[in-house]
Protein chains: 2
Amino acid sequence: MIEIPELSIGEVARESGKAASAIRYYEEIGLLPEPVRVSGRRRYPRDVVRTLAVIETAQRAGLTLDEIRLLLRASVDDVAATDRLREVAERKLPELVALIERAELVRGWLEDAARCVCPTLDDCPLFEPARLPEREHLLS
Amino acid sequence: MIEIPELSIGEVARESGKAASAIRYYEEIGLLPEPVRVSGRRRYPRDVVRTLAVIETAQRAGLTLDEIRLLLRASVDDVAATDRLREVAERKLPELVALIERAELVRGWLEDAARCVCPTLDDCPLFEPARLPEREHLLS
DNA sequence: GTGCTAGTTCAAGTCGGCTTGATGTCAAGG
DNA sequence: CCTTGACATCAAGCCGACTTGAACTAGCAC
């Protein structure tokens with residue numbers, strides 16, 4: 001007998017924390033492969049939950065669904081897949097590093113702000129020029 | 001005689017790297033204060049460029065314009081300003097820390113991917129469960 | 001005056017990432 | 001058999017953050 005993948009879209013939704021509509025949307029844009037259907041209903045293998053976790057993580061790190069699709073398709077594709085992967089990686093890495101830098105800068109602000117007791121923010125060292133990033137405009 | 005702030009919107013745009021339309025938009029949503037007008041044209045003090053840099057940095061770190069407005073208004077407001085600031089800070093800090101974590105995880109992926117030589121990604125250690133974040137769903 | 005450039009307003013459009021609503025189908029439980 | 005509930009499709013709507021386009025104006029050069 002043929003194996004029927006065990007998860008309905010509702011179960012995947014519960015386990016992944018994503019809305020069913022989002023899962024259908026991901027399928028529509030080619031981010032998730034079309035699952036097997038049993039009398040019209042989608043049936044998913046367990047590991048789609050992990051794929052959804054990868055998607056969420058990558059997304060939170062600032063990758064677009066388009067870029068994530070490139071990464072994911074690399075893993076099911078044939079040759080040239082790793083090339084695409086490397087291409088995305090190299091394009092996105094500097095952005096990501098910049099993101100992390102910025103985020104840490106702002107984290108510094110917020111941590112200071114969280115324990116700030118200055119009567120007014122004009123007295124507060126938070127907004128001094130020294131704490132702002134230089135505008136180099138090296139990239140885009 | 002009255003001091004006329006020295007920068008036109010075009011100059012601010014050039015110096016800040018923002019589009020003039022974006023600057024007008026920031027004003028419209030209350031993110032920037034309404035500048036002085038000289039025969040209808042906006043005239044800005046130099047320090048608006050710094051404010052725009054603050055905005056950009058905060059934005060890149062994942063704050064919304066709404067949240068940034070709260071932060072900025074804190075600096076020109078009266079009392080309760082620092083309270084609002086602290087409130088935003090405390091709400092946003094955990095998110096930011098999570099963002100940084102995620103970003104570093106993905107950076108790891110991308111760095112590995114950039115030097116990946118696996119013939120196919122099924123052989124590639126990149127997508128192993130161990131490298132994925134735990135789904136705790138502690139927050140939201 | 002006649003342009004030109006840089007500004008102005010306002011409404012509408014765009015894009016990514018989904019959500020919502022209308023309408024329909026199907027299998028299981030009472 | 002009938003209802004319920006989870007699923008299906010499809011078009012349209014929404015939100016944030018802007019951009020674009022049309023139509024107009026003010027100041028300067030010639």
# chains A, B, ... in the order shown; residues from 1 in each chain; ligands from 1
$ interface_residues --of "chain D" --to "chain B" --cutoff "12 Å" --atoms "only C-alpha atoms (C1' of nucleotides)" --output "list in words"
DC15, DG16, DA17, DC18, DT19, DT20, DT25, DA26 and DG27 of chain D
$ residues_around --residues "Arg115 (chain B)" --least-positions-apart "5" --cutoff "10 Å" --atoms "only C-alpha atoms (C1' of nucleotides)" --output "mmCIF file with C-alpha atoms, in the first residue's frame"
data_model
loop_
_atom_site.group_PDB
_atom_site.id
_atom_site.type_symbol
_atom_site.label_atom_id
_atom_site.label_comp_id
_atom_site.auth_asym_id
_atom_site.auth_seq_id
_atom_site.Cartn_x
_atom_site.Cartn_y
_atom_site.Cartn_z
ATOM 1 C CA THR A 82 24.653 25.014 -4.869
ATOM 2 C CA LEU A 85 22.787 29.011 -3.044
ATOM 3 C CA ARG A 86 26.252 30.469 -2.973
ATOM 4 C CA ALA A 89 24.642 33.789 0.235
ATOM 5 C CA GLU A 90 27.257 36.117 -1.110
ATOM 6 C CA LEU B 110 24.999 31.726 4.590
#
$ residues_around --residues "region 104-107 of chain B" --least-positions-apart "3" --cutoff "7 Å" --atoms "only C-alpha atoms (C1' of nucleotides)" --output "list in words"
Ala58, Ala61, Leu93 and Leu96 of chain A; Ile100, Glu101, Leu110 and Glu111 of chain B
$ write_last_selection --atoms "C-alpha atoms" --output "mmCIF file, in the first residue's frame"
data_model
loop_
_atom_site.group_PDB
_atom_site.id
_atom_site.type_symbol
_atom_site.label_atom_id
_atom_site.label_comp_id
_atom_site.auth_asym_id
_atom_site.auth_seq_id
_atom_site.Cartn_x
_atom_site.Cartn_y
_atom_site.Cartn_z
ATOM 1 C CA ALA A 58 15.298 33.105 7.536
ATOM 2 C CA ALA A 61 16.647 37.493 9.706
ATOM 3 C CA LEU A 93 25.809 38.214 3.709
ATOM 4 C CA LEU A 96 22.969 40.582 7.118
ATOM 5 C CA ILE B 100 19.965 39.372 16.451
ATOM 6 C CA GLU B 101 19.977 35.702 17.366
ATOM 7 C CA LEU B 110 24.999 31.726 4.590
ATOM 8 C CA GLU B 111 28.662 31.614 5.479
#
$ closest_residue --among "A:Glu95, A:Glu28, A:Glu15, A:Glu34" --to "chain C" --atoms "only C-alpha atoms (C1' of nucleotides)"
A:Glu28
$ interface_residues --of "chain C" --to "chain B" --cutoff "9 Å" --atoms "only C-alpha atoms (C1' of nucleotides)" --output "list in words"
DA6, DG7 and DT8 of chain C
$ residues_around --residues "DC10 (chain D)" --least-positions-apart "6" --cutoff "12 Å" --atoms "only C-alpha atoms (C1' of nucleotides)" --output "list in words"
DT20, DG21, DA22, DT23 and DG24 of chain C
$ closest_residue --among "A:Arg69, A:Arg60, A:Arg91, A:Arg14" --to "chain B" --atoms "only C-alpha atoms"
A:Arg60
$ select_by_dssp --residues "region 39-120 of chain B" --states "strand (DSSP E)" --output "list in words"
Arg41, Arg42, Arg43 and Tyr44 of chain B
$ atom_distance --atom1 "C1' of DC15 (chain C)" --atom2 "CA of Glu87 (chain A)"
23.7 Å
$ residues_around --residues "Ala13 (chain A)" --least-positions-apart "4" --cutoff "12 Å" --atoms "only C-alpha atoms (C1' of nucleotides)" --output "list in words"
Leu7, Ser8, Ile9, Gly17, Lys18, Ala19, Ala20, Ser21, Ala22, Ile23, Arg24, Tyr44, Arg46, Val48, Val49, Arg50, Leu52 and Ala53 of chain A
$ residues_around --residues "region 26-30 of chain C" --least-positions-apart "3" --cutoff "10 Å" --atoms "only C-alpha atoms (C1' of nucleotides)" --output "PyMOL selection string"
(chain A and resi 39-41) or (chain D and resi 2-8)
